[in-house]
Amino acid sequence: MRLDKYVSDAMQVSRTNAKKLIVTGKVLVNGQVCRKGDTQIQPQDSVSAAGQEAVQREEFVYIMLNKPLGVVSARTDKRDTTVTDLVKDSFPRRTLFPAGRLDKTSTGFILLTDDGTFAHNILSPKWHIEKEYLVTLDTPFTPQMQEGFAKGVTLVDGTVLAPAQAFETDNPFEVRVILTQGVYHQIKRMFGIYDAGVNKLHRLRMGGLILDQNLDAGQWRKLTLQEKDLIAKR
Ligand code: URA
């Protein structure tokens with residue numbers, strides 16, 4: 001990768017500002033000032049900026065967002081605010097997208113990333129990554145629902161769902177549901193079979209990573225690579 005692109009990505013500055021840093025001698029490659037923006041940087045090269053530690057370009061970023069109500073799980077939308085809109089000012093040089101969807105009326109853990117392969121893998125039914133939700137119903141949760149989900153229900157359009165776990169909580173209207181697949185409106189349609197409406201749906205967990213309780217609705221933070229790997233844990 002060219003040095004100017006590397007510096008712009010790593011320091012989250014525009015390409016023009018990266019070029020300025022380089023031509024004014026502020027950027028060192030392997031300890032030497034390098035004023036040429038088109039220098040090719042290899043993975044083993046170390047890049048640093050004057051007065052700063054080594055500038056590490058992260059190949060990809062992984063962001064945990066607590067999605068608020070009313071925001072859509074898309075990269076762009078003509079009408080509504082998207083999950084990407086909530087973070088994009090902090091990542092002007094990245095093309096982030098949500099890995100998976102929550103309905104506009106759902107809340108909770110959304111992963112935003114620019115790592116297409118990772119997103120594809122964790123969403124693939126083959127990987128069986130669990131997603132856990134706290135669901136509030138308009139009617140009490142019943143053992144029939146629990147047993148039906150455990151066997152795998154057939155939706156009205158004939159889609160046969162994989163077995164899913166559902167657990168009662170202290171509140172008869174609240175259920176914890178664990179899915180390993182992501183069919184459109186899956187939870188609402190699963191409960192719909194039992195004439196139960198979903199009043200609230202909040203994603204608590206993806207794989208082995210629980211939504212950070214310190215994140216209020218609309219807040220987000222970057223994940224460490226260890227946390228990102230926890231998502232992929234089966
Ligand atoms: N199932 C739904 O019905 N909605 C969601 O947002 C997620 C799972």
# chains A, B, ... in the order shown; residues from 1 in each chain; ligands from 1

$ select_by_dssp --residues "stretch 12-195 of chain A" --states "helix (DSSP H, G or I)" --output "ChimeraX atom specification"
/A:15-23,88-90,116-123,125-127,143-151,186-192

$ write_last_selection --atoms "N, CA and C atoms" --output "short mmCIF file (atom, residue, chain, number, x, y, z; two decimals), in the first residue's frame"
data_model
loop_
_atom_site.label_atom_id
_atom_site.label_comp_id
_atom_site.auth_asym_id
_atom_site.auth_seq_id
_atom_site.Cartn_x
_atom_site.Cartn_y
_atom_site.Cartn_z
N ARG A 15 -6.55 12.25 2.77
CA ARG A 15 -5.34 11.94 1.98
C ARG A 15 -4.49 13.22 1.84
N THR A 16 -5.14 14.38 1.68
CA THR A 16 -4.40 15.64 1.55
C THR A 16 -3.57 15.92 2.80
N ASN A 17 -4.18 15.73 3.97
CA ASN A 17 -3.43 15.99 5.21
C ASN A 17 -2.32 14.96 5.40
N ALA A 18 -2.57 13.74 4.96
CA ALA A 18 -1.52 12.72 5.06
C ALA A 18 -0.33 13.14 4.20
N LYS A 19 -0.63 13.63 3.00
CA LYS A 19 0.46 14.05 2.08
C LYS A 19 1.24 15.20 2.70
N LYS A 20 0.51 16.13 3.37
CA LYS A 20 1.19 17.27 4.02
C LYS A 20 2.15 16.78 5.10
N LEU A 21 1.67 15.82 5.92
CA LEU A 21 2.53 15.27 6.98
C LEU A 21 3.78 14.67 6.37
N ILE A 22 3.59 13.99 5.24
CA ILE A 22 4.72 13.29 4.62
C ILE A 22 5.72 14.29 4.02
N VAL A 23 5.22 15.26 3.22
CA VAL A 23 6.19 16.16 2.55
C VAL A 23 6.88 17.09 3.55
N LYS A 88 -20.14 7.08 11.58
CA LYS A 88 -19.28 7.34 10.41
C LYS A 88 -18.38 8.56 10.55
N ASP A 89 -18.78 9.57 11.33
CA ASP A 89 -17.93 10.75 11.45
C ASP A 89 -16.58 10.41 12.08
N SER A 90 -16.55 9.36 12.89
CA SER A 90 -15.29 8.96 13.53
C SER A 90 -14.42 8.11 12.61
N GLY A 116 -15.48 -7.75 5.34
CA GLY A 116 -16.56 -8.49 4.68
C GLY A 116 -16.50 -9.98 4.94
N THR A 117 -15.30 -10.53 5.00
CA THR A 117 -15.19 -11.98 5.20
C THR A 117 -15.68 -12.36 6.59
N PHE A 118 -15.27 -11.58 7.60
CA PHE A 118 -15.70 -11.88 8.97
C PHE A 118 -17.22 -11.76 9.07
N ALA A 119 -17.76 -10.70 8.50
CA ALA A 119 -19.22 -10.50 8.55
C ALA A 119 -19.93 -11.68 7.90
N HIS A 120 -19.44 -12.07 6.75
CA HIS A 120 -20.06 -13.19 6.03
C HIS A 120 -20.03 -14.45 6.91
N ASN A 121 -18.87 -14.71 7.51
CA ASN A 121 -18.73 -15.94 8.29
C ASN A 121 -19.65 -15.97 9.50
N ILE A 122 -19.70 -14.87 10.25
CA ILE A 122 -20.50 -14.95 11.49
C ILE A 122 -22.00 -14.99 11.19
N LEU A 123 -22.37 -14.58 9.96
CA LEU A 123 -23.80 -14.63 9.61
C LEU A 123 -24.17 -15.95 8.94
N PRO A 125 -25.20 -19.55 8.32
CA PRO A 125 -25.82 -20.57 9.18
C PRO A 125 -24.86 -21.72 9.45
N LYS A 126 -23.89 -21.91 8.55
CA LYS A 126 -22.93 -23.02 8.74
C LYS A 126 -22.10 -22.83 10.00
N TRP A 127 -21.86 -21.59 10.36
CA TRP A 127 -21.01 -21.33 11.53
C TRP A 127 -21.77 -21.47 12.85
N PRO A 143 -45.00 -23.06 27.68
CA PRO A 143 -44.16 -24.24 27.39
C PRO A 143 -44.35 -24.73 25.95
N GLN A 144 -45.57 -24.53 25.38
CA GLN A 144 -45.79 -24.95 23.99
C GLN A 144 -44.84 -24.20 23.05
N MET A 145 -44.69 -22.91 23.30
CA MET A 145 -43.77 -22.13 22.46
C MET A 145 -42.36 -22.68 22.61
N GLN A 146 -41.97 -22.90 23.85
CA GLN A 146 -40.61 -23.38 24.12
C GLN A 146 -40.35 -24.70 23.39
N GLU A 147 -41.32 -25.62 23.51
CA GLU A 147 -41.14 -26.94 22.88
C GLU A 147 -41.14 -26.83 21.36
N GLY A 148 -42.04 -26.01 20.84
CA GLY A 148 -42.12 -25.82 19.38
C GLY A 148 -40.81 -25.27 18.84
N PHE A 149 -40.29 -24.24 19.48
CA PHE A 149 -39.02 -23.64 19.00
C PHE A 149 -37.88 -24.66 19.07
N ALA A 150 -37.89 -25.47 20.13
CA ALA A 150 -36.80 -26.44 20.32
C ALA A 150 -36.80 -27.49 19.21
N LYS A 151 -37.99 -27.81 18.71
CA LYS A 151 -38.08 -28.79 17.61
C LYS A 151 -37.73 -28.14 16.28
N GLN A 186 -37.35 -13.03 12.01
CA GLN A 186 -37.48 -14.42 12.48
C GLN A 186 -38.24 -14.53 13.80
N ILE A 187 -37.84 -13.73 14.80
CA ILE A 187 -38.44 -13.91 16.12
C ILE A 187 -39.90 -13.50 16.11
N LYS A 188 -40.20 -12.41 15.43
CA LYS A 188 -41.61 -11.97 15.37
C LYS A 188 -42.46 -13.04 14.68
N ARG A 189 -41.91 -13.63 13.64
CA ARG A 189 -42.68 -14.64 12.92
C ARG A 189 -42.79 -15.93 13.74
N MET A 190 -41.75 -16.26 14.50
CA MET A 190 -41.82 -17.46 15.34
C MET A 190 -42.93 -17.32 16.38
N PHE A 191 -42.97 -16.16 17.04
CA PHE A 191 -44.01 -15.98 18.06
C PHE A 191 -45.39 -15.81 17.42
N GLY A 192 -45.38 -15.27 16.18
CA GLY A 192 -46.65 -15.07 15.46
C GLY A 192 -47.40 -16.38 15.28
#

$ residues_near_ligand --ligand "ligand 1" --cutoff "9 Å" --atoms "only C-alpha atoms and all ligand atoms" --output "VMD selection string"
chain A and resid 101 to 107 131 133 179 182 to 191 198 201 to 203

$ closest_residue --among "A:Val71, A:Leu225, A:Val156, A:Met64" --to "A:Met206" --atoms "only C-alpha atoms"
A:Met64

$ closest_residue --among "A:Thr113, A:Phe60, A:Thr159, A:Val7" --to "A:Thr84" --atoms "only C-alpha atoms"
A:Thr113

$ select_by_dssp --residues "stretch 23-219 of chain A" --states "strand (DSSP E or B)" --output "ChimeraX atom specification"
/A:27-29,32-33,40,47-49,54,62-67,72,82,97-98,107-113,131-137,154,160,165-168,174-179,198-206,209-210

$ residues_around --residues "A:Ile178" --least-positions-apart "2" --cutoff "9 Å" --atoms "only C-alpha atoms" --output "list in words"
Glu130, Lys131, Glu132, Tyr133, Ala164, Gln165, Ala166, Phe167, Arg176 and Thr180 of chain A

$ atom_distance --atom1 "atom CA of A:Arg93" --atom2 "atom CA of A:Thr39"
19.6 Å

$ residues_around --residues "A:Asp85" --least-positions-apart "4" --cutoff "10 Å" --atoms "only C-alpha atoms" --output "PDB file with N, CA and C atoms, in the first residue's frame"
ATOM      1  N   VAL A  71     -33.771   3.434  14.352  1.00  0.00           N
ATOM      2  CA  VAL A  71     -32.613   3.542  13.463  1.00  0.00           C
ATOM      3  C   VAL A  71     -32.575   2.264  12.628  1.00  0.00           C
ATOM      4  N   VAL A  72     -32.251   2.397  11.321  1.00  0.00           N
ATOM      5  CA  VAL A  72     -32.303   1.209  10.475  1.00  0.00           C
ATOM      6  C   VAL A  72     -30.915   0.575  10.316  1.00  0.00           C
ATOM      7  N   ALA A  74     -28.706  -0.445   8.105  1.00  0.00           N
ATOM      8  CA  ALA A  74     -28.270  -0.378   6.708  1.00  0.00           C
ATOM      9  C   ALA A  74     -27.069   0.548   6.672  1.00  0.00           C
ATOM     10  N   ARG A  75     -26.440   0.611   5.498  1.00  0.00           N
ATOM     11  CA  ARG A  75     -25.301   1.512   5.357  1.00  0.00           C
ATOM     12  C   ARG A  75     -25.811   2.923   5.049  1.00  0.00           C
ATOM     13  N   THR A  76     -26.781   2.984   4.148  1.00  0.00           N
ATOM     14  CA  THR A  76     -27.370   4.297   3.816  1.00  0.00           C
ATOM     15  C   THR A  76     -28.871   4.121   3.695  1.00  0.00           C
ATOM     16  N   ASP A  77     -29.596   5.205   3.875  1.00  0.00           N
ATOM     17  CA  ASP A  77     -31.046   5.163   3.703  1.00  0.00           C
ATOM     18  C   ASP A  77     -31.514   6.568   3.341  1.00  0.00           C
ATOM     19  N   ASP A  80     -34.340   7.364   6.727  1.00  0.00           N
ATOM     20  CA  ASP A  80     -34.053   7.141   8.155  1.00  0.00           C
ATOM     21  C   ASP A  80     -32.565   7.240   8.472  1.00  0.00           C
ATOM     22  N   THR A  81     -32.300   7.507   9.741  1.00  0.00           N
ATOM     23  CA  THR A  81     -30.915   7.425  10.226  1.00  0.00           C
ATOM     24  C   THR A  81     -30.516   5.955  10.232  1.00  0.00           C
ATOM     25  N   ASP A  89     -18.782   9.568  11.333  1.00  0.00           N
ATOM     26  CA  ASP A  89     -17.926  10.752  11.454  1.00  0.00           C
ATOM     27  C   ASP A  89     -16.582  10.410  12.085  1.00  0.00           C
ATOM     28  N   LEU A  96     -17.909   1.336   6.443  1.00  0.00           N
ATOM     29  CA  LEU A  96     -18.445   0.417   7.449  1.00  0.00           C
ATOM     30  C   LEU A  96     -19.853  -0.023   7.076  1.00  0.00           C
ATOM     31  N   PHE A  97     -20.209  -1.199   7.500  1.00  0.00           N
ATOM     32  CA  PHE A  97     -21.570  -1.697   7.272  1.00  0.00           C
ATOM     33  C   PHE A  97     -21.955  -2.576   8.455  1.00  0.00           C
TER      34      PHE A  97
END

$ residues_around --residues "A:Asp170" --least-positions-apart "3" --cutoff "12 Å" --atoms "only C-alpha atoms" --output "list of chain:residue names"
A:Thr136, A:Pro140, A:Phe141, A:Phe167, A:Phe173, A:Glu174, A:Val175, A:Arg176

$ write_last_selection --atoms "all heavy atoms" --output "mmCIF file, in the first residue's frame"
data_model
loop_
_atom_site.group_PDB
_atom_site.id
_atom_site.type_symbol
_atom_site.label_atom_id
_atom_site.label_comp_id
_atom_site.auth_asym_id
_atom_site.auth_seq_id
_atom_site.Cartn_x
_atom_site.Cartn_y
_atom_site.Cartn_z
ATOM 1 N N THR A 136 -39.891 -9.107 24.661
ATOM 2 C CA THR A 136 -41.067 -8.820 25.489
ATOM 3 C C THR A 136 -42.312 -9.059 24.644
ATOM 4 O O THR A 136 -42.457 -8.482 23.558
ATOM 5 C CB THR A 136 -41.039 -7.363 26.000
ATOM 6 O OG1 THR A 136 -39.750 -7.103 26.545
ATOM 7 C CG2 THR A 136 -42.096 -7.126 27.065
ATOM 8 N N PRO A 140 -48.305 -13.992 27.867
ATOM 9 C CA PRO A 140 -47.260 -14.755 28.570
ATOM 10 C C PRO A 140 -46.631 -15.852 27.703
ATOM 11 O O PRO A 140 -47.290 -16.432 26.850
ATOM 12 C CB PRO A 140 -48.002 -15.354 29.763
ATOM 13 C CG PRO A 140 -49.204 -14.502 29.941
ATOM 14 C CD PRO A 140 -49.600 -14.031 28.575
ATOM 15 N N PHE A 141 -45.370 -16.090 27.955
ATOM 16 C CA PHE A 141 -44.608 -17.154 27.280
ATOM 17 C C PHE A 141 -45.123 -18.501 27.783
ATOM 18 O O PHE A 141 -45.413 -18.651 28.972
ATOM 19 C CB PHE A 141 -43.133 -16.967 27.644
ATOM 20 C CG PHE A 141 -42.199 -17.996 27.091
ATOM 21 C CD1 PHE A 141 -42.147 -18.267 25.725
ATOM 22 C CD2 PHE A 141 -41.326 -18.685 27.934
ATOM 23 C CE1 PHE A 141 -41.253 -19.202 25.218
ATOM 24 C CE2 PHE A 141 -40.431 -19.619 27.436
ATOM 25 C CZ PHE A 141 -40.398 -19.880 26.071
ATOM 26 N N PHE A 167 -36.011 -19.343 26.792
ATOM 27 C CA PHE A 167 -36.018 -19.544 28.243
ATOM 28 C C PHE A 167 -36.899 -18.511 28.903
ATOM 29 O O PHE A 167 -36.843 -17.323 28.548
ATOM 30 C CB PHE A 167 -34.597 -19.394 28.813
ATOM 31 C CG PHE A 167 -33.606 -20.330 28.201
ATOM 32 C CD1 PHE A 167 -32.762 -19.902 27.187
ATOM 33 C CD2 PHE A 167 -33.524 -21.656 28.619
ATOM 34 C CE1 PHE A 167 -31.842 -20.769 26.615
ATOM 35 C CE2 PHE A 167 -32.600 -22.525 28.042
ATOM 36 C CZ PHE A 167 -31.764 -22.086 27.040
ATOM 37 N N PHE A 173 -43.913 -12.315 30.687
ATOM 38 C CA PHE A 173 -43.997 -11.741 29.336
ATOM 39 C C PHE A 173 -42.625 -11.614 28.671
ATOM 40 O O PHE A 173 -42.541 -11.232 27.521
ATOM 41 C CB PHE A 173 -44.658 -10.346 29.383
ATOM 42 C CG PHE A 173 -46.113 -10.400 29.744
ATOM 43 C CD1 PHE A 173 -46.512 -10.463 31.072
ATOM 44 C CD2 PHE A 173 -47.090 -10.397 28.755
ATOM 45 C CE1 PHE A 173 -47.852 -10.519 31.413
ATOM 46 C CE2 PHE A 173 -48.434 -10.457 29.081
ATOM 47 C CZ PHE A 173 -48.818 -10.525 30.423
ATOM 48 N N GLU A 174 -41.583 -11.901 29.432
ATOM 49 C CA GLU A 174 -40.229 -11.731 28.889
ATOM 50 C C GLU A 174 -39.559 -13.084 28.649
ATOM 51 O O GLU A 174 -39.614 -13.969 29.504
ATOM 52 C CB GLU A 174 -39.364 -10.934 29.874
ATOM 53 C CG GLU A 174 -39.409 -9.454 29.576
ATOM 54 C CD GLU A 174 -38.437 -8.673 30.456
ATOM 55 O OE1 GLU A 174 -37.607 -9.280 31.163
ATOM 56 O OE2 GLU A 174 -38.544 -7.457 30.420
ATOM 57 N N VAL A 175 -38.918 -13.225 27.500
ATOM 58 C CA VAL A 175 -38.286 -14.487 27.113
ATOM 59 C C VAL A 175 -36.884 -14.201 26.605
ATOM 60 O O VAL A 175 -36.669 -13.204 25.910
ATOM 61 C CB VAL A 175 -39.039 -15.140 25.913
ATOM 62 C CG1 VAL A 175 -38.638 -16.592 25.756
ATOM 63 C CG2 VAL A 175 -40.513 -14.961 26.017
ATOM 64 N N ARG A 176 -35.951 -15.092 26.918
ATOM 65 C CA ARG A 176 -34.633 -15.023 26.288
ATOM 66 C C ARG A 176 -34.621 -16.034 25.149
ATOM 67 O O ARG A 176 -34.952 -17.206 25.363
ATOM 68 C CB ARG A 176 -33.524 -15.367 27.299
ATOM 69 C CG ARG A 176 -33.204 -14.190 28.199
ATOM 70 C CD ARG A 176 -31.935 -14.404 29.007
ATOM 71 N NE ARG A 176 -31.923 -15.668 29.726
ATOM 72 C CZ ARG A 176 -31.091 -16.670 29.461
ATOM 73 N NH1 ARG A 176 -30.189 -16.554 28.498
ATOM 74 N NH2 ARG A 176 -31.131 -17.780 30.165
#

$ closest_residue --among "A:Gln219, A:Thr24, A:Thr154, A:Thr139" --to "A:Pro172" --atoms "only C-alpha atoms"
A:Thr139

$ closest_residue --among "A:Leu3, A:Val55, A:Ala162, A:Val61" --to "A:Lys36" --atoms "only C-alpha atoms"
A:Leu3

$ residues_around --residues "A:Asn214" --least-positions-apart "4" --cutoff "12 Å" --atoms "only C-alpha atoms" --output "list of chain:residue names"
A:Met64, A:Leu65, A:Asn66, A:Ile210, A:Gly218, A:Gln219, A:Trp220, A:Arg221

$ atom_distance --atom1 "atom CA of A:Cys34" --atom2 "atom CA of A:Glu58"
20.7 Å

$ residues_around --residues "A:Ala49" --least-positions-apart "4" --cutoff "7 Å" --atoms "only C-alpha atoms" --output "ChimeraX atom specification"
/A:26-28,54-55

$ decode --residues "stretch 25-51 of chain A" --atoms "N, CA, C and O atoms" --output "compact mmCIF listing (two decimals), in the first residue's frame"
# COMPACT_ATOMS: atom_id res chain seq x y z
N GLY A 25 8.02 16.14 6.28
CA GLY A 25 9.03 15.35 6.99
C GLY A 25 8.58 14.84 8.35
O GLY A 25 9.40 14.51 9.20
N LYS A 26 7.26 14.74 8.55
CA LYS A 26 6.75 14.30 9.86
C LYS A 26 6.61 12.77 9.95
O LYS A 26 6.29 12.25 11.00
N VAL A 27 6.79 12.10 8.82
CA VAL A 27 6.54 10.65 8.83
C VAL A 27 7.84 9.88 8.63
O VAL A 27 8.64 10.20 7.76
N LEU A 28 8.04 8.90 9.50
CA LEU A 28 9.24 8.06 9.42
C LEU A 28 8.85 6.66 8.99
O LEU A 28 7.86 6.11 9.47
N VAL A 29 9.63 6.12 8.06
CA VAL A 29 9.44 4.71 7.69
C VAL A 29 10.70 3.98 8.13
O VAL A 29 11.81 4.36 7.72
N ASN A 30 10.53 3.02 8.96
CA ASN A 30 11.66 2.27 9.55
C ASN A 30 12.69 3.23 10.15
O ASN A 30 13.90 3.09 9.96
N GLY A 31 12.19 4.26 10.83
CA GLY A 31 13.06 5.18 11.56
C GLY A 31 13.65 6.30 10.71
O GLY A 31 14.30 7.20 11.24
N GLN A 32 13.43 6.29 9.39
CA GLN A 32 13.98 7.33 8.51
C GLN A 32 12.85 8.22 8.00
O GLN A 32 11.80 7.70 7.61
N VAL A 33 13.13 9.55 7.94
CA VAL A 33 12.12 10.44 7.36
C VAL A 33 11.88 10.02 5.91
O VAL A 33 12.83 9.75 5.17
N CYS A 34 10.62 9.93 5.54
CA CYS A 34 10.28 9.58 4.15
C CYS A 34 9.30 10.62 3.63
O CYS A 34 8.22 10.80 4.19
N ARG A 35 9.70 11.34 2.58
CA ARG A 35 8.86 12.44 2.08
C ARG A 35 8.11 12.07 0.80
O ARG A 35 7.56 12.94 0.14
N LYS A 36 8.13 10.80 0.47
CA LYS A 36 7.49 10.39 -0.80
C LYS A 36 6.22 9.61 -0.51
O LYS A 36 6.26 8.48 -0.01
N GLY A 37 5.09 10.22 -0.87
CA GLY A 37 3.78 9.61 -0.60
C GLY A 37 3.57 8.32 -1.35
O GLY A 37 2.77 7.48 -0.92
N ASP A 38 4.25 8.14 -2.47
CA ASP A 38 3.99 6.92 -3.26
C ASP A 38 4.90 5.75 -2.86
O ASP A 38 4.86 4.69 -3.48
N THR A 39 5.67 5.93 -1.77
CA THR A 39 6.50 4.81 -1.28
C THR A 39 5.60 3.63 -0.93
O THR A 39 4.58 3.80 -0.26
N GLN A 40 5.97 2.45 -1.38
CA GLN A 40 5.16 1.25 -1.08
C GLN A 40 5.52 0.73 0.32
O GLN A 40 6.71 0.51 0.61
N ILE A 41 4.52 0.56 1.15
CA ILE A 41 4.73 0.06 2.51
C ILE A 41 4.43 -1.43 2.54
O ILE A 41 3.37 -1.86 2.08
N GLN A 42 5.37 -2.17 3.06
CA GLN A 42 5.19 -3.63 3.17
C GLN A 42 4.77 -3.95 4.62
O GLN A 42 5.03 -3.15 5.52
N PRO A 43 4.16 -5.12 4.82
CA PRO A 43 3.67 -5.45 6.17
C PRO A 43 4.77 -5.38 7.24
O PRO A 43 4.50 -5.04 8.39
N GLN A 44 6.01 -5.68 6.86
CA GLN A 44 7.09 -5.69 7.87
C GLN A 44 7.61 -4.28 8.17
O GLN A 44 8.39 -4.09 9.11
N ASP A 45 7.21 -3.25 7.39
CA ASP A 45 7.71 -1.89 7.63
C ASP A 45 7.06 -1.29 8.86
O ASP A 45 5.89 -1.57 9.16
N SER A 46 7.85 -0.44 9.56
CA SER A 46 7.22 0.27 10.69
C SER A 46 7.12 1.75 10.32
O SER A 46 8.07 2.35 9.82
N VAL A 47 5.94 2.27 10.52
CA VAL A 47 5.68 3.66 10.15
C VAL A 47 5.37 4.42 11.43
O VAL A 47 4.61 3.94 12.27
N SER A 48 5.99 5.59 11.59
CA SER A 48 5.63 6.40 12.77
C SER A 48 5.56 7.86 12.33
O SER A 48 6.10 8.25 11.30
N ALA A 49 4.85 8.63 13.14
CA ALA A 49 4.73 10.05 12.84
C ALA A 49 5.47 10.81 13.92
O ALA A 49 5.51 10.35 15.08
N ALA A 50 6.07 11.95 13.57
CA ALA A 50 6.89 12.71 14.51
C ALA A 50 6.14 12.91 15.81
O ALA A 50 4.96 13.29 15.81
N GLY A 51 6.80 12.60 16.90
CA GLY A 51 6.19 12.83 18.22
C GLY A 51 5.16 11.78 18.60
O GLY A 51 4.49 11.90 19.60
